[in-house]
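Dumped query19.cif below, it's mmCIF, C-alpha atoms, pLDDT in the B column; chains and numbers go by the auth columns:
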data_work
#
loop_
_atom_site.group_PDB
_atom_site.id
_atom_site.type_symbol
_atom_site.label_atom_id
_atom_site.label_comp_id
_atom_site.label_asym_id
_atom_site.label_seq_id
_atom_site.Cartn_x
_atom_site.Cartn_y
_atom_site.Cartn_z
_atom_site.B_iso_or_equiv
_atom_site.auth_seq_id
_atom_site.auth_asym_id
ATOM 1 C CA MET A 1 80.613 119.821 117.428 86.00 19 A
ATOM 2 C CA ILE A 2 84.022 120.604 115.911 91.00 20 A
ATOM 3 C CA ARG A 3 87.514 119.140 116.022 93.00 21 A
ATOM 4 C CA LEU A 4 91.018 119.748 114.703 93.00 22 A
ATOM 5 C CA VAL A 5 92.631 116.714 113.055 92.00 23 A
ATOM 6 C CA ASP A 6 96.024 115.731 111.636 88.00 24 A
ATOM 7 C CA GLY A 7 97.795 118.710 113.225 83.00 25 A
ATOM 8 C CA LEU A 8 101.004 119.023 115.183 75.00 26 A
ATOM 9 C CA ASN A 9 99.195 118.759 118.511 75.00 27 A
ATOM 10 C CA ARG A 10 95.661 118.989 119.900 79.00 28 A
ATOM 11 C CA GLY A 11 95.594 122.742 119.255 84.00 29 A
ATOM 12 C CA SER A 12 96.171 122.554 115.513 86.00 30 A
ATOM 13 C CA GLY A 13 94.817 120.727 112.511 90.00 31 A
ATOM 14 C CA ARG A 14 92.248 120.580 109.755 94.00 32 A
ATOM 15 C CA LEU A 15 88.924 121.906 111.002 96.00 33 A
ATOM 16 C CA GLU A 16 86.044 119.443 110.877 94.00 34 A
ATOM 17 C CA PHE A 17 82.379 119.973 111.732 87.00 35 A
ATOM 18 C CA TYR A 18 80.032 117.206 112.963 89.00 36 A
ATOM 19 C CA LYS A 19 76.630 117.239 111.308 86.00 37 A
ATOM 20 C CA SER A 20 73.989 114.544 110.747 89.00 38 A
ATOM 21 C CA GLY A 21 76.178 111.762 112.113 92.00 39 A
ATOM 22 C CA LYS A 22 79.244 112.536 109.976 92.00 40 A
ATOM 23 C CA TRP A 23 82.376 114.643 110.202 93.00 41 A
ATOM 24 C CA ARG A 24 82.522 117.294 107.445 92.00 42 A
ATOM 25 C CA THR A 25 85.369 119.599 106.484 94.00 43 A
ATOM 26 C CA VAL A 26 85.238 123.392 106.482 93.00 44 A
ATOM 27 C CA CYS A 27 86.131 125.381 103.371 93.00 45 A
ATOM 28 C CA ASP A 28 88.641 128.215 103.657 92.00 46 A
ATOM 29 C CA ASN A 29 86.315 130.645 101.813 89.00 47 A
ATOM 30 C CA GLU A 30 85.691 133.657 104.069 89.00 48 A
ATOM 31 C CA PHE A 31 87.170 131.853 107.104 93.00 49 A
ATOM 32 C CA GLN A 32 89.233 134.426 108.996 93.00 50 A
ATOM 33 C CA GLU A 33 90.763 135.134 112.399 93.00 51 A
ATOM 34 C CA ASN A 34 87.412 135.820 114.133 94.00 52 A
ATOM 35 C CA GLU A 35 86.151 132.395 113.085 94.00 53 A
ATOM 36 C CA ALA A 36 89.413 130.833 114.308 94.00 54 A
ATOM 37 C CA ILE A 37 89.045 132.582 117.679 93.00 55 A
ATOM 38 C CA VAL A 38 85.598 131.020 118.097 94.00 56 A
ATOM 39 C CA VAL A 39 86.926 127.592 117.063 94.00 57 A
ATOM 40 C CA CYS A 40 89.719 127.832 119.622 90.00 58 A
ATOM 41 C CA ARG A 41 87.337 129.035 122.332 90.00 59 A
ATOM 42 C CA SER A 42 84.911 126.183 121.531 89.00 60 A
ATOM 43 C CA LEU A 43 87.745 123.706 121.973 87.00 61 A
ATOM 44 C CA ARG A 44 88.896 125.422 125.197 84.00 62 A
ATOM 45 C CA LEU A 45 92.248 126.337 123.688 82.00 63 A
ATOM 46 C CA ASN A 46 94.355 129.502 123.501 75.00 64 A
ATOM 47 C CA VAL A 47 92.352 132.183 121.657 79.00 65 A
ATOM 48 C CA ARG A 48 95.200 134.699 121.387 79.00 66 A
ATOM 49 C CA ASN A 49 96.478 135.181 117.843 81.00 67 A
ATOM 50 C CA PRO A 50 95.167 132.016 116.188 88.00 68 A
ATOM 51 C CA ILE A 51 96.549 131.220 112.762 88.00 69 A
ATOM 52 C CA VAL A 52 94.269 130.363 109.836 92.00 70 A
ATOM 53 C CA LYS A 53 95.876 128.156 107.188 91.00 71 A
ATOM 54 C CA SER A 54 94.148 127.752 103.855 90.00 72 A
ATOM 55 C CA GLY A 55 94.793 125.261 101.099 90.00 73 A
ATOM 56 C CA ALA A 56 94.486 122.041 103.145 91.00 74 A
ATOM 57 C CA HIS A 57 97.606 122.863 105.186 90.00 75 A
ATOM 58 C CA PHE A 58 97.057 119.798 107.395 89.00 76 A
ATOM 59 C CA GLY A 59 95.830 117.601 104.565 92.00 77 A
ATOM 60 C CA GLU A 60 92.603 117.151 102.657 93.00 78 A
ATOM 61 C CA GLY A 61 89.548 115.712 104.358 93.00 79 A
ATOM 62 C CA THR A 62 86.645 113.818 102.846 92.00 80 A
ATOM 63 C CA GLY A 63 82.895 114.204 102.644 88.00 81 A
ATOM 64 C CA GLU A 64 80.725 117.276 102.447 89.00 82 A
ATOM 65 C CA GLN A 65 82.262 120.710 102.990 91.00 83 A
ATOM 66 C CA TYR A 66 80.813 123.547 105.043 89.00 84 A
ATOM 67 C CA VAL A 67 81.368 127.293 105.113 89.00 85 A
ATOM 68 C CA ILE A 68 81.643 129.065 108.470 88.00 86 A
ATOM 69 C CA LYS A 69 81.605 132.864 108.398 89.00 87 A
ATOM 70 C CA HIS A 70 80.351 136.052 110.016 92.00 88 A
ATOM 71 C CA CYS A 71 81.758 135.407 113.487 93.00 89 A
ATOM 72 C CA SER A 72 82.462 138.485 115.584 94.00 90 A
ATOM 73 C CA GLY A 73 85.023 136.589 117.662 91.00 91 A
ATOM 74 C CA SER A 74 82.983 136.854 120.865 92.00 92 A
ATOM 75 C CA GLU A 75 80.771 133.790 120.294 93.00 93 A
ATOM 76 C CA SER A 76 81.162 130.858 122.657 89.00 94 A
ATOM 77 C CA THR A 77 80.552 128.235 119.958 90.00 95 A
ATOM 78 C CA ILE A 78 80.805 128.112 116.191 87.00 96 A
ATOM 79 C CA ASN A 79 77.048 127.387 115.994 86.00 97 A
ATOM 80 C CA SER A 80 76.453 131.066 116.778 91.00 98 A
ATOM 81 C CA CYS A 81 78.111 132.013 113.487 90.00 99 A
ATOM 82 C CA SER A 82 76.813 131.455 109.967 87.00 100 A
ATOM 83 C CA VAL A 83 77.291 127.747 109.191 83.00 101 A
ATOM 84 C CA SER A 84 76.089 126.365 105.866 79.00 102 A
ATOM 85 C CA SER A 85 76.814 123.692 103.298 82.00 103 A
ATOM 86 C CA ALA A 86 79.444 124.785 100.798 78.00 104 A
ATOM 87 C CA SER A 87 77.451 123.213 97.926 76.00 105 A
ATOM 88 C CA GLY A 88 80.113 123.598 95.257 73.00 106 A
ATOM 89 C CA LEU A 89 81.523 126.915 96.533 76.00 107 A
ATOM 90 C CA CYS A 90 84.863 125.358 97.389 81.00 108 A
ATOM 91 C CA GLY A 91 85.498 123.076 94.445 81.00 109 A
ATOM 92 C CA SER A 92 87.597 120.486 96.256 89.00 110 A
ATOM 93 C CA HIS A 93 89.076 119.487 99.584 92.00 111 A
ATOM 94 C CA ALA A 94 92.256 121.308 98.542 93.00 112 A
ATOM 95 C CA LYS A 95 90.472 124.316 100.094 93.00 113 A
ATOM 96 C CA ASP A 96 89.937 122.720 103.521 94.00 114 A
ATOM 97 C CA VAL A 97 90.804 125.202 106.257 95.00 115 A
ATOM 98 C CA SER A 98 93.223 124.484 109.093 94.00 116 A
ATOM 99 C CA VAL A 99 93.536 126.323 112.385 93.00 117 A
ATOM 100 C CA ILE A 100 96.402 126.675 114.840 89.00 118 A
ATOM 101 C CA CYS A 101 94.896 127.732 118.157 85.00 119 A
ATOM 102 C CA ASN A 102 98.047 127.873 120.120 66.00 120 A
ATOM 103 C CA PRO A 103 100.788 129.252 117.913 52.00 121 A
ATOM 104 C CA ILE A 104 102.712 129.841 121.106 44.00 122 A
ATOM 105 C CA HIS A 105 102.493 126.126 121.582 42.00 123 A
ATOM 106 C CA SER A 106 105.866 125.235 122.991 46.00 124 A
ATOM 107 C CA SER A 107 108.276 126.656 125.497 45.00 125 A
ATOM 108 C CA ILE A 108 111.896 126.047 126.373 44.00 126 A
ATOM 109 C CA HIS A 109 113.115 127.199 129.771 42.00 127 A
ATOM 110 C CA THR A 110 116.763 128.216 129.774 43.00 128 A
ATOM 111 C CA ASP A 111 119.247 128.359 132.619 41.00 129 A
ATOM 112 C CA SER A 112 118.442 132.040 133.021 38.00 130 A
ATOM 113 C CA PHE A 113 114.752 131.099 133.466 37.00 131 A
ATOM 114 C CA ALA A 114 113.741 132.973 130.328 42.00 132 A
ATOM 115 C CA THR A 115 110.998 131.313 128.314 47.00 133 A
ATOM 116 C CA TYR A 116 111.113 130.975 124.539 53.00 134 A
ATOM 117 C CA ASN A 117 108.024 130.015 122.543 71.00 135 A
ATOM 118 C CA LEU A 118 108.759 128.169 119.308 76.00 136 A
ATOM 119 C CA ARG A 119 107.142 127.291 115.997 78.00 137 A
ATOM 120 C CA LEU A 120 108.149 125.968 112.567 79.00 138 A
ATOM 121 C CA VAL A 121 107.381 128.060 109.473 79.00 139 A
ATOM 122 C CA ASN A 122 107.848 127.886 105.689 78.00 140 A
ATOM 123 C CA GLY A 123 108.559 124.172 105.587 76.00 141 A
ATOM 124 C CA SER A 124 107.577 121.858 102.777 78.00 142 A
ATOM 125 C CA THR A 125 105.569 119.809 105.309 74.00 143 A
ATOM 126 C CA ARG A 126 104.245 120.489 108.791 69.00 144 A
ATOM 127 C CA HIS A 127 107.231 118.611 110.215 74.00 145 A
ATOM 128 C CA ASP A 128 110.005 120.867 108.933 79.00 146 A
ATOM 129 C CA GLY A 129 110.808 124.512 108.483 80.00 147 A
ATOM 130 C CA PHE A 130 112.612 127.434 109.996 81.00 148 A
ATOM 131 C CA VAL A 131 112.423 127.821 113.763 83.00 149 A
ATOM 132 C CA GLU A 132 110.938 131.044 115.093 81.00 150 A
ATOM 133 C CA THR A 133 110.513 132.267 118.640 77.00 151 A
ATOM 134 C CA TYR A 134 107.828 134.592 119.990 69.00 152 A
ATOM 135 C CA TYR A 135 109.431 137.568 121.688 66.00 153 A
ATOM 136 C CA SER A 136 108.065 140.999 122.632 65.00 154 A
ATOM 137 C CA GLY A 137 104.811 140.448 120.779 66.00 155 A
ATOM 138 C CA GLN A 138 106.239 139.188 117.497 70.00 156 A
ATOM 139 C CA TRP A 139 107.638 136.064 115.847 74.00 157 A
ATOM 140 C CA ILE A 140 111.350 136.303 114.996 79.00 158 A
ATOM 141 C CA PRO A 141 113.642 133.741 113.352 81.00 159 A
ATOM 142 C CA ILE A 142 116.231 131.907 115.383 79.00 160 A
ATOM 143 C CA CYS A 143 119.576 132.349 113.687 74.00 161 A
ATOM 144 C CA TYR A 144 121.943 129.461 113.105 66.00 162 A
ATOM 145 C CA SER A 145 124.709 129.157 115.652 65.00 163 A
ATOM 146 C CA SER A 146 127.934 127.193 115.323 64.00 164 A
ATOM 147 C CA THR A 147 127.135 125.747 118.765 65.00 165 A
ATOM 148 C CA ALA A 148 123.814 124.298 117.536 71.00 166 A
ATOM 149 C CA ASP A 149 124.048 120.552 117.080 77.00 167 A
ATOM 150 C CA VAL A 150 121.883 117.445 116.935 81.00 168 A
ATOM 151 C CA ASN A 151 121.138 117.800 120.661 79.00 169 A
ATOM 152 C CA THR A 152 119.787 121.324 120.074 77.00 170 A
ATOM 153 C CA ALA A 153 117.589 119.951 117.279 80.00 171 A
ATOM 154 C CA ARG A 154 116.325 117.185 119.582 79.00 172 A
ATOM 155 C CA VAL A 155 115.352 119.704 122.258 77.00 173 A
ATOM 156 C CA ILE A 156 113.521 121.850 119.693 78.00 174 A
ATOM 157 C CA CYS A 157 111.729 118.804 118.233 77.00 175 A
ATOM 158 C CA LYS A 158 110.701 117.566 121.691 72.00 176 A
ATOM 159 C CA THR A 159 109.534 121.046 122.666 71.00 177 A
ATOM 160 C CA LEU A 160 107.363 121.182 119.542 72.00 178 A
ATOM 161 C CA GLY A 161 105.793 117.833 120.452 68.00 179 A
ATOM 162 C CA TYR A 162 107.735 115.588 118.068 70.00 180 A
ATOM 163 C CA LYS A 163 109.565 112.432 118.987 65.00 181 A
ATOM 164 C CA PRO A 164 113.258 113.264 118.545 58.00 182 A
#
Please go through the file and, once you have read it, give me the structure as structure tokens.
Amino acid sequence: MIRLVDGLNRGSGRLEFYKSGKWRTVCDNEFQENEAIVVCRSLRLNVRNPIVKSGAHFGEGTGEQYVIKHCSGSESTINSCSVSSASGLCGSHAKDVSVICNPIHSSIHTDSFATYNLRLVNGSTRHDGFVETYYSGQWIPICYSSTADVNTARVICKTLGYKP
């Protein structure tokens, strides 16, 4: 059993693995997009373009660490991949891996009925950063506008799942 904890929403967070009655963290060594796809699929979340974040992006966990690797991306659960104790391979929980299953996690519908998917990037924490929108298959920054105000920020924050 796996879970994502301390993320922005249920589709993002530090990856944890349940083994022998305890939740364990997963080391970022060799953890790549194929492993993230399987994690997202296991959790019944969006499997398109998952993001792997290394370096305890959503905070450090506790307890034993595991390494998950050699997924093809087609597995239905992470148990079909190579799962083993990290036994000193990771060094510390500063290497806990995080996954964002639904990077296209938020949408704003405009008056013209266009849909814009948003995310925050390059912030000092997971609660700040530059706003990007997903358009024509790529993430692009949203430029500052003189008409943007605190109400615009509130809409963006609410769309991203924060309390404005």
What do you get, as a list in words, if you spell out every residue that the PyMOL selection byres ((chain A and resi 44) around 8) selects here?
Leu33, Glu34, Phe35, Arg42, Thr43, Cys45, Asp46, Gln83, Tyr84, Val85, Ile86, Asp114 and Val115 of chain A
Dump of C-alpha atoms for the selected residues, as an mmCIF file, in the frame of the given file:
data_model
loop_
_atom_site.group_PDB
_atom_site.id
_atom_site.type_symbol
_atom_site.label_atom_id
_atom_site.label_comp_id
_atom_site.auth_asym_id
_atom_site.auth_seq_id
_atom_site.Cartn_x
_atom_site.Cartn_y
_atom_site.Cartn_z
ATOM 1 C CA LEU A 33 88.924 121.906 111.002
ATOM 2 C CA GLU A 34 86.044 119.443 110.877
ATOM 3 C CA PHE A 35 82.379 119.973 111.732
ATOM 4 C CA ARG A 42 82.522 117.294 107.445
ATOM 5 C CA THR A 43 85.369 119.599 106.484
ATOM 6 C CA CYS A 45 86.131 125.381 103.371
ATOM 7 C CA ASP A 46 88.641 128.215 103.657
ATOM 8 C CA GLN A 83 82.262 120.710 102.990
ATOM 9 C CA TYR A 84 80.813 123.547 105.043
ATOM 10 C CA VAL A 85 81.368 127.293 105.113
ATOM 11 C CA ILE A 86 81.643 129.065 108.470
ATOM 12 C CA ASP A 114 89.937 122.720 103.521
ATOM 13 C CA VAL A 115 90.804 125.202 106.257
#
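Atom to atom, CA of Cys119 (chain A) and CA of Gly39 (chain A) stand 25.3 Å apart.
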Neighbour list for Val65 (chain A) as a JSON list (two decimals) with C-alpha atoms, in the frame of the given file, cut-off 8 Å, all atoms listed in the file, skip fewer than 4 positions in-chain:
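Full text of result.json as output:
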[["chain", "number", "residue", "atom", "x", "y", "z"],
["A", 55, "ILE", "CA", 89.04, 132.58, 117.68],
["A", 56, "VAL", "CA", 85.60, 131.02, 118.10],
["A", 58, "CYS", "CA", 89.72, 127.83, 119.62],
["A", 59, "ARG", "CA", 87.34, 129.04, 122.33],
["A", 119, "CYS", "CA", 94.90, 127.73, 118.16],
["A", 120, "ASN", "CA", 98.05, 127.87, 120.12]]
Between CA of Val149 (chain A) and CA of Lys71 (chain A), distance in Å (one decimal):
17.8 Å
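Between Arg28 (chain A) and the residues A:Lys40, A:Arg137, A:Arg62, A:Arg172, the shortest atom-to-atom distance, using all atoms listed in the file, involves A:Arg62.
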Using all atoms listed in the file, find the one residue out of A:Gly141, A:Gly73, A:Pro159, A:Gly81 that sits nearest to Asn47 (chain A).
A:Gly73
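If you measure from each of A:His75, A:Lys37, A:His111, A:Arg32 to Asn97 (chain A) using all atoms listed in the file, the closest one turns out to be A:Lys37.
CA of Ala54 (chain A) is found 6.2 Å from CA of Pro68 (chain A).
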Just the residues within 12 Å of Cys89 (chain A), please, counting only C-alpha atoms, with nothing from its chain fewer than 2 positions along; format it as a PyMOL selection string.
chain A and resi 48-57+85-87+91-101
Polymer residues at most 7 Å from Gly31 (chain A), all atoms listed in the file, same-chain spacing of 2 or more positions, as a ChimeraX atom specification
/A:22-26,33,76,116-118
Tell me, as a PyMOL selection string, which residues lie within 12 Å of Ile158 (chain A), counting all atoms listed in the file; anything in the same chain fewer than 6 positions away does not count.
chain A and resi 134-139+148-152
Nearest to Cys175 (chain A): which of A:Leu61, A:Glu82, A:His145, A:Ile69 is it, counting all atoms listed in the file?
A:His145
